[in-house]
Amino acid sequence: MRKKRIKLGPINGNSPDDRKQYDLTAALRILRHAGREDPQLYTNDSEKQIQNVIDALCDLSVHDGMTGLVNATFFHVVLAREIERSLRTGKTCGLMVLDIDYFKKINDTYGHTVGDRVIQSVAANIMQNLRSMDTTARIGGEEFAVILPECTPEDAIHAATRIHTALNPLLINIDGHDLRVTSSVGLVWTELSHSLSSGALLSEADREMYRAKHSGRARLCHPPLESTMITQQERSSLMALLNEENTHGK
Amino acid sequence: MASDKKARRIAVISGKGGVGKTVITANLASALASSGQRVLVLDADLGLANLDIILGLDPKRTIQDIFQGNCRPDDALIKTAKGFDLLPAGSGLQENTVLSKNLAEKMEALLSDLEERYDIILFDAGAGVGEVVLFFAALAHRILVVVTPEPTSLMDAYASIKVLKQLYKRNEFLLVVNQANPKHPDQIGTSVTKHLQSVISKFVDVGTSPPVFLQLIGSLPQDPAIPRSVRNRQLLSETQPPAASVCFVNTMAECLRRTMI
Ligand SMILES: Nc1ncnc2c1ncn2[C@@H]1O[C@H](COP(=O)(O)OP(=O)(O)OP(=O)(O)O)[C@@H](O)[C@H]1O
Ligand SMILES: [Mg+2]
C-alpha cells in the first residue's frame with residue numbers, strides 16, 4: 001500500500017518534472033528543519049543536486065540528531081549485518097549496552113539542557129575510546145549500544161573495560177561545579193555455535209546491563225568467559241597433585 | 001643503582017585470600033632493602049588495607065588522601081624503620097573495589113611520580129581477580145603469585161593465572177609456595193610448581209603461544225613464629241628467638257633480585 005504523501009508545499013503541476021521539483025523542495029525543507037541545510041547542497045547541476053539531497057537525507061535518516069551517533073533503526077540494520085558476517089567469517093562480534101545511571105534524577109534536578117549535555121558528553125566519550133570499525137548508536141533516551149565486530153570475547157572485554165573505565169565517573173562542569181555521572185555497562189558476544197537475531201542479542205546485552213545496575217551501578221557485567229572457566233577436568237588434575245603432595249608431604 | 005632507572009613493579013596476588021600475601025610482601029620488602037635495594041611497598045588492597053597494621057603503623061594519610069587532593073604523595077609516604085617505604089591505603093572503602101577512570105589515572109600518575117626514586121615497587125594486592133587486582137597486575141612488570149599446598153588456594157591461583165593469561169596475555173609468573181610442610185618446604189615448593197606448571201601446560205597453553213612459565217622464587221614453611229610475629233607487629237627478622245623461616249625469606253629476596261636484573 002502506498003503511503004499518502006505529506007503535503008509540504010504547493011504542487012503547481014503534475015508533470016514528472018514538477019513532481020521532481022516538488023520532492024526536491026520538500027526534501028530541502030526537511031533538511032532545513034533538521035538543521036542540515038548545508039550551502040554545499042546547492043549546485044547548478046540538477047543531477048548532482050538531487051544526489052546531494054539524497055545523501056543528506058540518508059545521513060539524516062540513520063543518525064540521531066542530538067549526538068550524531070547512529071539511531072536505533074539503523075543500529076538494528078548494522079547489528080543484523082554484523083551477526084551475519086560473524087557467522088560467515090567465524091569471528092565473534094561483541095555488543096555492548098550502556099545506560100547512564102540516575103539519568104531521570106539528573107534531568108529532574110538540573111533540567112533538560114543539562115540532561116542533553118550529559119548525553120552528548122557520554123556519546124563523545126564512547127566515540128573517543130573506539131576503533132574505527134565499531135558502531136555506536138543511541139538506542140534510547142539515555143541508552144547507548146556499541147557493536148564491536150571481529151572481536152574475540154577477550155578483545156570485547158578489553159574494549160568494554162576501556163569505555164567503562166573512561167566513563168566512570170564522567171565529570172561534567174555545570175556552572176563551575178562538577179556533576180559526577182556514572183554508567184552501567186552490559187556486554188555480550190555472538191556465539192558461533194548458535195546464532196541469535198539482533199533483537200535477541202540486544203536483550204542479552206540488556207540483561208547484563210541490568211545485572212550491572214542491580215549490583216550497584218557504575219559496573220561492567222558480561223557472561224563468564226569460556227577461556228577462563230575452570231573445567232571439571234582441570235579441577236581433578238589439580239586435586240590429583242594435592243593427593244600426591246599429601247602422601248609425601250605429611 | 002643508577003638513579004635514572006625506573007623501578008620494577010611487582011604485583012603480589014594469590015586468588016584466595018589469607019594465604020600470606022601481606023606477610024610475604026612486608027618481609028620480602030625488608031629483605032630486599034637489607035640487600036641495598038630502594039623499596040616501596042604500595043598497599044594495593046584498597047578495599048581492605050592492612051599492611052600498616054602488620055607493620056604496627058598508624059598512618060595519618062593514605063593513598064586515598066593523595067587521590068582526593070588532601071595531601072601530596074610525600075605526606076602519605078612512610079619511611080618505615082624496616083628500611084623500606086610504605087604508601088598505606090585506607091580501609092573499608094567499598095568504592096575502591098571498583099576500578100574507575102579516576103583511580104586508574106591517578107594511580108598511574110602517582111607511580112610515574114615515584115618510580116624514579118626506587119628500584120622495586122611491590123603492590124600488595126587484594127584477594128580474588130576483581131578489576132582492581134587485575135589493574136595492578138596489568139601495571140606490574142612481574143606478577144608474584146602466592147599459593148599454599150591446599151585445594152582452594154591452588155584452584156584460585158590457577159584460576160588467576162588463567163585469567164591473566166587469557167585476558168591480559170601474561171605468560172610469566174613468579175611463584176611463592178607458602179605454608180609448606182616444615183619438614184621439607186623446598187621439596188614441596190618444587191613439586192607444587194612442577195605440577196601446577198603441568199596442569200597449565202595441559203589446559204591453558206593449548207592453542208596459545210607463548211606458553212605460561214612459572215618460576216618458583218622460594219617456599220616458606222608453616223611456622224608458628226609467623227602468626228606470632230604478626231600479633232607482635234614484627235617482621236620475621238625482628239623476632240626473638242630468631243624465626244627459622246627468616247632464611248627462606250632471604251633466599252626468596254635474593255632470587256627475586258636476580259630475576260629483576
Ligand atoms: N608460613 C606461614 N605459617 C604460619 N602462618 C602463616 C604463614 N603465612 C601466613 N600465615 C598466617 O596467615 C595469616 C594471613 O596472612 P596474610 O594477612 O599475609 O594473608 P593475605 O594473603 O595478605 O590475606 P588477605 O587476602 O586478607 O590480604 C597471617 O596472619 C599469618 O599469621
Ligand atoms: Mg593482605
# chains A, B, ... in the order shown; residues from 1 in each chain; ligands from 1
$ residues_around --residues "stretch 127-144 of chain B" --least-positions-apart "2" --cutoff "9 Å" --atoms "only C-alpha atoms" --output "ChimeraX atom specification"
/B:8-18,21,44-46,96-99,104,108,121-123,125,146,156-157,159-160,163-164,168,170,172-176,217,260
$ residues_near_ligand --ligand "ligand 1" --cutoff "10 Å" --atoms "only C-alpha atoms and all ligand atoms" --output "ChimeraX atom specification"
/B:12-27,43-45,47-51,53-54,124-128,146-148,177-182,219-231,245
$ interface_residues --of "chain A" --to "chain B" --cutoff "6 Å" --atoms "only C-alpha atoms" --output "list in words"
Glu154, Thr165, Ala166, Asn168 and Thr228 of chain A
$ write_last_selection --atoms "N, CA, C and O atoms" --output "PDB file, in the first residue's frame"
ATOM      1  N   GLU A 154      37.608 -11.912  24.535  1.00  0.00           N
ATOM      2  CA  GLU A 154      38.639 -11.235  25.328  1.00  0.00           C
ATOM      3  C   GLU A 154      38.850  -9.803  24.839  1.00  0.00           C
ATOM      4  O   GLU A 154      38.934  -8.866  25.634  1.00  0.00           O
ATOM      5  N   THR A 165      35.825   2.218  31.984  1.00  0.00           N
ATOM      6  CA  THR A 165      36.751   2.930  32.857  1.00  0.00           C
ATOM      7  C   THR A 165      36.777   4.420  32.522  1.00  0.00           C
ATOM      8  O   THR A 165      36.817   5.264  33.406  1.00  0.00           O
ATOM      9  N   ALA A 166      36.713   4.737  31.231  1.00  0.00           N
ATOM     10  CA  ALA A 166      36.754   6.138  30.821  1.00  0.00           C
ATOM     11  C   ALA A 166      35.511   6.892  31.288  1.00  0.00           C
ATOM     12  O   ALA A 166      35.547   8.094  31.524  1.00  0.00           O
ATOM     13  N   ASN A 168      33.555   6.143  34.039  1.00  0.00           N
ATOM     14  CA  ASN A 168      33.166   6.029  35.440  1.00  0.00           C
ATOM     15  C   ASN A 168      34.192   6.601  36.379  1.00  0.00           C
ATOM     16  O   ASN A 168      35.161   5.936  36.706  1.00  0.00           O
ATOM     17  N   THR A 228      38.346 -18.663  30.454  1.00  0.00           N
ATOM     18  CA  THR A 228      38.868 -18.543  31.816  1.00  0.00           C
ATOM     19  C   THR A 228      38.092 -19.422  32.796  1.00  0.00           C
ATOM     20  O   THR A 228      38.381 -19.425  33.980  1.00  0.00           O
TER      21      THR A 228
END
$ select_by_dssp --residues "stretch 13-246 of chain B" --states "helix (DSSP H, G or I)" --output "JSON, numbers by chain"
{"B": [21, 22, 23, 24, 25, 26, 27, 28, 29, 30, 31, 32, 33, 34, 51, 52, 53, 54, 63, 64, 65, 66, 67, 73, 74, 75, 76, 94, 95, 96, 97, 101, 102, 103, 104, 105, 106, 107, 108, 109, 110, 111, 112, 113, 114, 131, 132, 133, 134, 135, 136, 137, 138, 139, 151, 152, 153, 154, 155, 156, 157, 158, 159, 160, 161, 162, 163, 164, 165, 166, 167, 168, 185, 186, 187, 188, 189, 190, 191, 192, 193, 194, 195, 196, 197, 198, 199, 200, 201, 202, 203, 225, 226, 227, 228, 229, 230, 231, 236, 237, 238, 246]}
$ select_by_dssp --residues "stretch 37-247 of chain A" --states "strand (DSSP E or B)" --output "count of residues only"
39
$ atom_distance --atom1 "atom CA of A:Ala159" --atom2 "atom CA of A:Gly115"
25.9 Å
